Amino acid sequence: MKVSLTVNGRVREVDVEPRKTLLDTLREDLALVGSHTGCEHGVCGACTILLDGEPVRSCLMFAAQADGYAITTIEGLAPAPGELSVLQDAFCETHGMQCGYCTPGMILAAHSLLDRTTEPTREDIVDAISGNICRCTGYGQIIEAIELAAERLHKANTPRSTETSQVEDKKKAVAVQGGRR
Amino acid sequence: MKPAPFEYIRPGSIAEACELLASDEDARVISGGQTLIPMLAMRLARPARLVDIYRLPELNGIRVNGDVLAIGATTRQVQVEGSAVARDALPLLAKALPWVGHPPTRNRGTVGGSVAHADPSAEIPLVAVTLQAEIEITNPDGVSTMPADDFFIGPMLTAVMPGDCVTAVRFPIWRHARLGTGFHEVSARQSDFAFVAAAAQVALDDSGLCIDAALGIGGIGDRAVRLDVSGLVGGSLDKNSIVDLMHQAVQVLEPTSDLHASAEYRTRVAVTLGARALEDAIRDARVGSDRAAHGGAQ
């Protein structure tokens with residue numbers, strides 16, 4: 001069946017079997033392989049994406065159910081090609097990633113938390129990533145990374161959501177280019 | 001782990017959904033899919049057709065109707081968690097919801113879905129049984145309700161017949177001035193399936209005497225069970241009396257053993273968690289009334 005998906009701000013048409021999960025569709029039909037395939041039954045959180053800004057498991061949804069939502073994958077977080085988001089940077093700096101398998105899911109779950117909360121407590125962070133399993137058991141550094149990103153975002157005092165920040169960034173880019181001229 | 005092929009239909013109304021469900025024995029309702037899709041992936045369920053009711057607007061919402069809080073079947077768990085109306089009317093459900101799955105599954109998972117799947121360790125069915133909620137069922141003949149205790153039959157087994165669709169859960173609201181709740185659970189990991197869960201709600205009168213009490217235990221057998229704690233009404237509320245009462249009350253349970261926990265362990269934990277939930281509820285009712293008295297004096 002034909003489904004129209006809005007992924008990272010772009011409308012994409014796919015033709016999939018009803019039984020195809022959103023995860024498989026993202027990976028196989030749209031080549032967005034940043035969403036990782038882990039357990040495929042909703043336990044590990046490696047396939048976490050954002051649906052209208054809220055983290056959900058893309059293995060527990062069929063592509064056929066995903067029309068009409070704003071889908072954000074890990075590929076949609078960086079402000080520009082070759083750059084990283086504040087949260088992604090923080091994960092690099094504090095060694096919040098080891099093998100990297102859980103990382104996209106962890107980052108998206110944390111991204112949604114930092115969108116809603118300016119000063120999350122450690123409990124808020126633990127709760128937000130409680131559905132994501134890290135088999136390297138690097139939770140200590142992951143929590144540190146999210147704390148660091150929260151602090152930076154709080155001090156930077158810029159809009160949080162992907163869409164707004166992308167719009168702001170584009171405005172800034174235009175302003176910078178204008179200034180150079 | 002991929003589901004077997006099926007046909008996917010998104011009906012435009014609940015009437016159309018019920019027609020589809022009645023016309024095909026192999027059709028199943030899908031809503032948030034947080035329990036059904038894992039079952040499809042593991043091929044524990046192989047429906048020929050999925051009837052998706054998730055976006056039917058008439059099934060989504062939280063409404064107070066006299067002494068009943070009706071939650072539409074496709075209302076997402078996260079919606080209930082964030083609802084001030086639900087929190088005020090149903091503090092016990094509010095206390096249980098953080099134990100339901102994880103934030104990402106609560107973003108998609110629905111109240112009706114959890115009830116319709118009837119997992120013996122699920123928290124929402126436990127609260128429904130504890131508070132004697134009614135399950136609203138719609139089929140081509142119309143709308144009817146059924147007490148939660150009759151609705152849940154066994155593990156993943158309910159009184160739902162072909163053509164039936166769970167369309168709402170109606171929880172009774174306790175209007176007592178001094179009301180308290182308690183919820184406890186033991187599982188292998190945070191928010192994993194409960195080995196034992198206990199939900200308690202207690203109402204006290206002005207003098208601090210118990211006038212109503214409800215206790216439910218989940219995770220322990222085939223389904224959640226409401227225990228008889230009527231001994232608390234007008235009786236002693238000290239810890240020893242509560243533990244004695246629990247030892248009596250758990251006699252009716254039929255605990256199961258599995259590789260996680262033995263039946264003996266589950267019974268022992270049911271006594272402990274049941275007593276803890278009741279003590280919390282009593283404390284909560286006392287504090288709540290003090291708060292109310294304090295607020296009134298200002």
# chains A, B, ... in the order shown; residues from 1 in each chain; ligands from 1
call {"tool": "interface_residues", "arguments": {"of": "chain B", "to": "chain A", "cutoff": "7 Å", "atoms": "only C-alpha atoms", "output": "MDAnalysis selection string"}}
result
chainID B and resid 1 3 5:8 33:34 37:38 41 102:105 107:108
call {"tool": "select_by_dssp", "arguments": {"residues": "segment 8-248 of chain B", "states": "strand (DSSP E)", "output": "PyMOL selection string"}}
result
chain B and resi 8-9+27-30+49-52+62-65+68-72+134-139+142-147+152-154+157-158+165-172+178-187+194-204+210-218+225-227
call {"tool": "select_by_dssp", "arguments": {"residues": "chain A", "states": "helix (DSSP H, G or I)", "output": "PyMOL selection string"}}
result
chain A and resi 22-29+58-60+63-65+74-76+86-93+103-116+122-128+139-156+162-180
call {"tool": "residues_around", "arguments": {"residues": "Ala63 of chain A", "least_positions_apart": "3", "cutoff": "8 Å", "atoms": "only C-alpha atoms", "output": "list of chain:residue names"}}
result
A:Val3, A:Val16, A:Pro18, A:Lys20, A:Thr21, A:Leu22, A:Leu23, A:Thr25, A:Ala66, A:Asp67
call {"tool": "write_last_selection", "arguments": {"atoms": "N, CA and C atoms", "output": "PDB file, in the first residue's frame"}}
result
ATOM      1  N   VAL A   3       1.945   4.891   1.162  1.00  0.00           N
ATOM      2  CA  VAL A   3       1.871   5.706   2.375  1.00  0.00           C
ATOM      3  C   VAL A   3       2.758   6.931   2.178  1.00  0.00           C
ATOM      4  N   VAL A  16       4.591   0.035   0.572  1.00  0.00           N
ATOM      5  CA  VAL A  16       5.018  -1.030   1.491  1.00  0.00           C
ATOM      6  C   VAL A  16       3.890  -2.022   1.760  1.00  0.00           C
ATOM      7  N   PRO A  18       1.493  -3.938   4.349  1.00  0.00           N
ATOM      8  CA  PRO A  18       0.968  -3.457   5.642  1.00  0.00           C
ATOM      9  C   PRO A  18       1.781  -3.958   6.841  1.00  0.00           C
ATOM     10  N   LYS A  20       4.907  -4.182   7.148  1.00  0.00           N
ATOM     11  CA  LYS A  20       6.250  -3.607   7.280  1.00  0.00           C
ATOM     12  C   LYS A  20       6.263  -2.556   8.381  1.00  0.00           C
ATOM     13  N   THR A  21       7.171  -2.723   9.330  1.00  0.00           N
ATOM     14  CA  THR A  21       7.231  -1.754  10.431  1.00  0.00           C
ATOM     15  C   THR A  21       7.786  -0.426   9.921  1.00  0.00           C
ATOM     16  N   LEU A  22       7.521   0.613  10.685  1.00  0.00           N
ATOM     17  CA  LEU A  22       8.070   1.918  10.337  1.00  0.00           C
ATOM     18  C   LEU A  22       9.599   1.843  10.340  1.00  0.00           C
ATOM     19  N   LEU A  23      10.158   1.082  11.290  1.00  0.00           N
ATOM     20  CA  LEU A  23      11.614   0.927  11.372  1.00  0.00           C
ATOM     21  C   LEU A  23      12.189   0.369  10.070  1.00  0.00           C
ATOM     22  N   THR A  25      10.840   0.312   7.184  1.00  0.00           N
ATOM     23  CA  THR A  25      10.585   1.245   6.085  1.00  0.00           C
ATOM     24  C   THR A  25      11.629   2.362   6.072  1.00  0.00           C
ATOM     25  N   ALA A  66       1.741   5.499  10.076  1.00  0.00           N
ATOM     26  CA  ALA A  66       2.598   6.643  10.398  1.00  0.00           C
ATOM     27  C   ALA A  66       2.352   7.874   9.530  1.00  0.00           C
ATOM     28  N   ASP A  67       1.340   7.826   8.660  1.00  0.00           N
ATOM     29  CA  ASP A  67       1.059   9.012   7.842  1.00  0.00           C
ATOM     30  C   ASP A  67       0.526  10.135   8.720  1.00  0.00           C
TER      31      ASP A  67
END
call {"tool": "closest_residue", "arguments": {"among": "A:Ile146, A:Ile74, A:Leu87, A:Met106", "to": "Ser35 of chain A", "atoms": "only C-alpha atoms"}}
result
A:Ile74
call {"tool": "residues_around", "arguments": {"residues": "segment 131-135 of chain B", "least_positions_apart": "2", "cutoff": "9 Å", "atoms": "only C-alpha atoms", "output": "VMD selection string"}}
result
chain B and resid 68 92 112 115 126 to 129 137 144 to 149 151 166 to 173 200 to 201 214 to 216 226
call {"tool": "closest_residue", "arguments": {"among": "B:Gly274, B:Lys239, B:Cys165, B:Val78", "to": "Val225 of chain B", "atoms": "only C-alpha atoms"}}
result
B:Gly274
call {"tool": "atom_distance", "arguments": {"atom1": "atom CA of Arg152 of chain A", "atom2": "atom CA of Val126 of chain A"}}
result
18.7 Å
call {"tool": "residues_around", "arguments": {"residues": "Ser191 of chain B", "least_positions_apart": "2", "cutoff": "9 Å", "atoms": "only C-alpha atoms", "output": "number ranges by chain"}}
result
A: 130-131; B: 98-102, 187-189, 193-194
call {"tool": "residues_around", "arguments": {"residues": "Gly219 of chain B", "least_positions_apart": "6", "cutoff": "9 Å", "atoms": "only C-alpha atoms", "output": "PyMOL selection string"}}
result
chain B and resi 119-123+126+193-198+255+266
call {"tool": "write_last_selection", "arguments": {"atoms": "N, CA and C atoms", "output": "PDB file, in the first residue's frame"}}
result
ATOM      1  N   ASP B 119      -3.208  -8.489  30.067  1.00  0.00           N
ATOM      2  CA  ASP B 119      -2.009  -9.116  30.609  1.00  0.00           C
ATOM      3  C   ASP B 119      -2.191  -9.203  32.129  1.00  0.00           C
ATOM      4  N   PRO B 120      -1.941 -10.381  32.735  1.00  0.00           N
ATOM      5  CA  PRO B 120      -2.201 -10.520  34.176  1.00  0.00           C
ATOM      6  C   PRO B 120      -1.359  -9.574  35.036  1.00  0.00           C
ATOM      7  N   SER B 121      -0.231  -9.098  34.480  1.00  0.00           N
ATOM      8  CA  SER B 121       0.623  -8.218  35.284  1.00  0.00           C
ATOM      9  C   SER B 121       0.425  -6.742  34.931  1.00  0.00           C
ATOM     10  N   ALA B 122      -0.519  -6.432  34.058  1.00  0.00           N
ATOM     11  CA  ALA B 122      -0.694  -5.041  33.624  1.00  0.00           C
ATOM     12  C   ALA B 122      -1.362  -4.201  34.710  1.00  0.00           C
ATOM     13  N   GLU B 123      -0.931  -2.947  34.785  1.00  0.00           N
ATOM     14  CA  GLU B 123      -1.362  -2.065  35.872  1.00  0.00           C
ATOM     15  C   GLU B 123      -2.766  -1.498  35.669  1.00  0.00           C
ATOM     16  N   LEU B 126      -5.396  -3.870  36.597  1.00  0.00           N
ATOM     17  CA  LEU B 126      -5.380  -4.010  38.062  1.00  0.00           C
ATOM     18  C   LEU B 126      -6.179  -2.888  38.727  1.00  0.00           C
ATOM     19  N   PHE B 193       7.504  -6.359  33.378  1.00  0.00           N
ATOM     20  CA  PHE B 193       6.273  -7.010  33.835  1.00  0.00           C
ATOM     21  C   PHE B 193       6.347  -7.296  35.336  1.00  0.00           C
ATOM     22  N   ALA B 194       5.261  -6.993  36.041  1.00  0.00           N
ATOM     23  CA  ALA B 194       5.252  -7.137  37.496  1.00  0.00           C
ATOM     24  C   ALA B 194       5.170  -8.598  37.900  1.00  0.00           C
ATOM     25  N   PHE B 195       5.977  -8.998  38.867  1.00  0.00           N
ATOM     26  CA  PHE B 195       5.809 -10.312  39.495  1.00  0.00           C
ATOM     27  C   PHE B 195       4.607 -10.232  40.436  1.00  0.00           C
ATOM     28  N   VAL B 196       4.566  -9.120  41.154  1.00  0.00           N
ATOM     29  CA  VAL B 196       3.424  -8.823  42.026  1.00  0.00           C
ATOM     30  C   VAL B 196       3.218  -7.307  41.997  1.00  0.00           C
ATOM     31  N   ALA B 197       1.963  -6.880  41.908  1.00  0.00           N
ATOM     32  CA  ALA B 197       1.637  -5.463  42.029  1.00  0.00           C
ATOM     33  C   ALA B 197       0.456  -5.337  42.978  1.00  0.00           C
ATOM     34  N   ALA B 198       0.455  -4.266  43.777  1.00  0.00           N
ATOM     35  CA  ALA B 198      -0.638  -4.049  44.729  1.00  0.00           C
ATOM     36  C   ALA B 198      -1.149  -2.621  44.600  1.00  0.00           C
ATOM     37  N   PRO B 255      -1.749 -18.294  43.050  1.00  0.00           N
ATOM     38  CA  PRO B 255      -0.495 -17.816  42.454  1.00  0.00           C
ATOM     39  C   PRO B 255       0.136 -18.854  41.521  1.00  0.00           C
ATOM     40  N   ARG B 266       5.597 -15.253  45.460  1.00  0.00           N
ATOM     41  CA  ARG B 266       4.567 -14.298  45.030  1.00  0.00           C
ATOM     42  C   ARG B 266       3.549 -14.057  46.158  1.00  0.00           C
TER      43      ARG B 266
END
